[in-house]
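Asker: Below you'll find the structure I mean.
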Amino acid sequence: MSRQASGLKAWFVQRLSAVYLALFGSYLVVHLVIWHPLDHADFIAWMAAPLVAFGLLLFIPLLLVHAWVGVRDILIDYIKPIGLRLGLLSLIALLLLGSGLWAAKAVIVAQTLVATSGGMG
Amino acid sequence: MLMHNHPPSPLSPPRPVFLELWHIRLPLPGVVSILHRISGVLMVLAIPASAWALATAVASEAGFALVASRVSSGLFKFALVLLLWSFLHHLFAGLRYLLMDLGYAVNLPPARLTAFLALCAGLVATLVIAGVLL
């Protein structure tokens, strides 16, 4: 972690999010690789299951925060011109926020689709 | 380029700069550390594409079929295996850092050993899971 702008808070947030990302991320990787969903209906039924949907909705903001702290540390270490650094940080922030909202919307859409198709799975 | 705009400050005295890369041999914990960063950046770069894939696969059967066909194409398989390694290396190297935060394996010999183990675990797990995947 960088010396200039770290702070105990960012340090702690990075480790707390890491624990959840490690657990739920491992579940996602192992489940998707072994299960290898072949069908749209099965896929959204899995995503709309309460525990998975909740897990994903928690996963998204924690992933964004973890990515943000990590990228910020790396840019502070390697990009010295302050304008370029701030420009890149802003770009990454917008990309992360947009992607996160998009992914969270997908979780909601899956729930709506399953609810309206009359109890899949 | 890296060091010139460091402001002179009593808090951070100027440090010697030694950037002859061919004379610097990065020790194993350093290799694991830089790969931790590289794998993290690779995964961050994959976030927008992952959000697209998730939203498209959820939206409709045609969208799901599109993502499924993209994922099974050659170039994407390579990208997926690279991302899989990124996740696994980041995971094992990250677990190592958490252990070190708790005070374990901080001295050099165990730090070297755990660096070696994290590097191997990431590679072996990638091969095993990619073997199931492909």
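Every chain in the structure tokens has a letter given in the order shown (A, B, ...), and although residue numbers restart at 1 in each chain, ligands are simply numbered from 1 in the order shown.
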Do me a favour and pick out the residues of chain B within 9 Å of chain A, using only C-alpha atoms, as a PyMOL selection string.

Answerer: chain B and resi 1-3+5-6+37+40-41+43-44+47-52+54-65+68+84+87-88+91+94-95+98+129-130+132-133

Asker: Using DSSP on the backbone coordinates, identify the residues of range 15-64 of chain B assigned to alpha helix (DSSP H); present them as a ChimeraX atom specification.

Answerer: /B:28-59,61-64

Asker: For CA of Val52 in chain A and CA of Phe24 in chain A, quote the distance in Å rounded to one decimal.

Answerer: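 Going from CA of Val52 in chain A over to CA of Phe24 in chain A covers 9.5 Å.
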
Asker: Could you jot down the CA of His90 in chain B to CA of Gly55 in chain A separation for me, Å, one decimal place?

Answerer: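 Distance between the two atoms: 20.4 Å.
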
Asker: When you count only C-alpha atoms, which of these residues is closest to Val31 in chain B: B:Ala93, B:Leu127, B:Leu102, B:Val67?

Answerer: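 Of the candidates, the smallest distance to Val31 in chain B is held by B:Ala93.
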
Asker: I'd like the interatomic distance between CA of Trp85 in chain B and CA of Gly122 in chain B, to a tenth of an Å.

Answerer: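 Computing it gives 6.3 Å between the two atoms.
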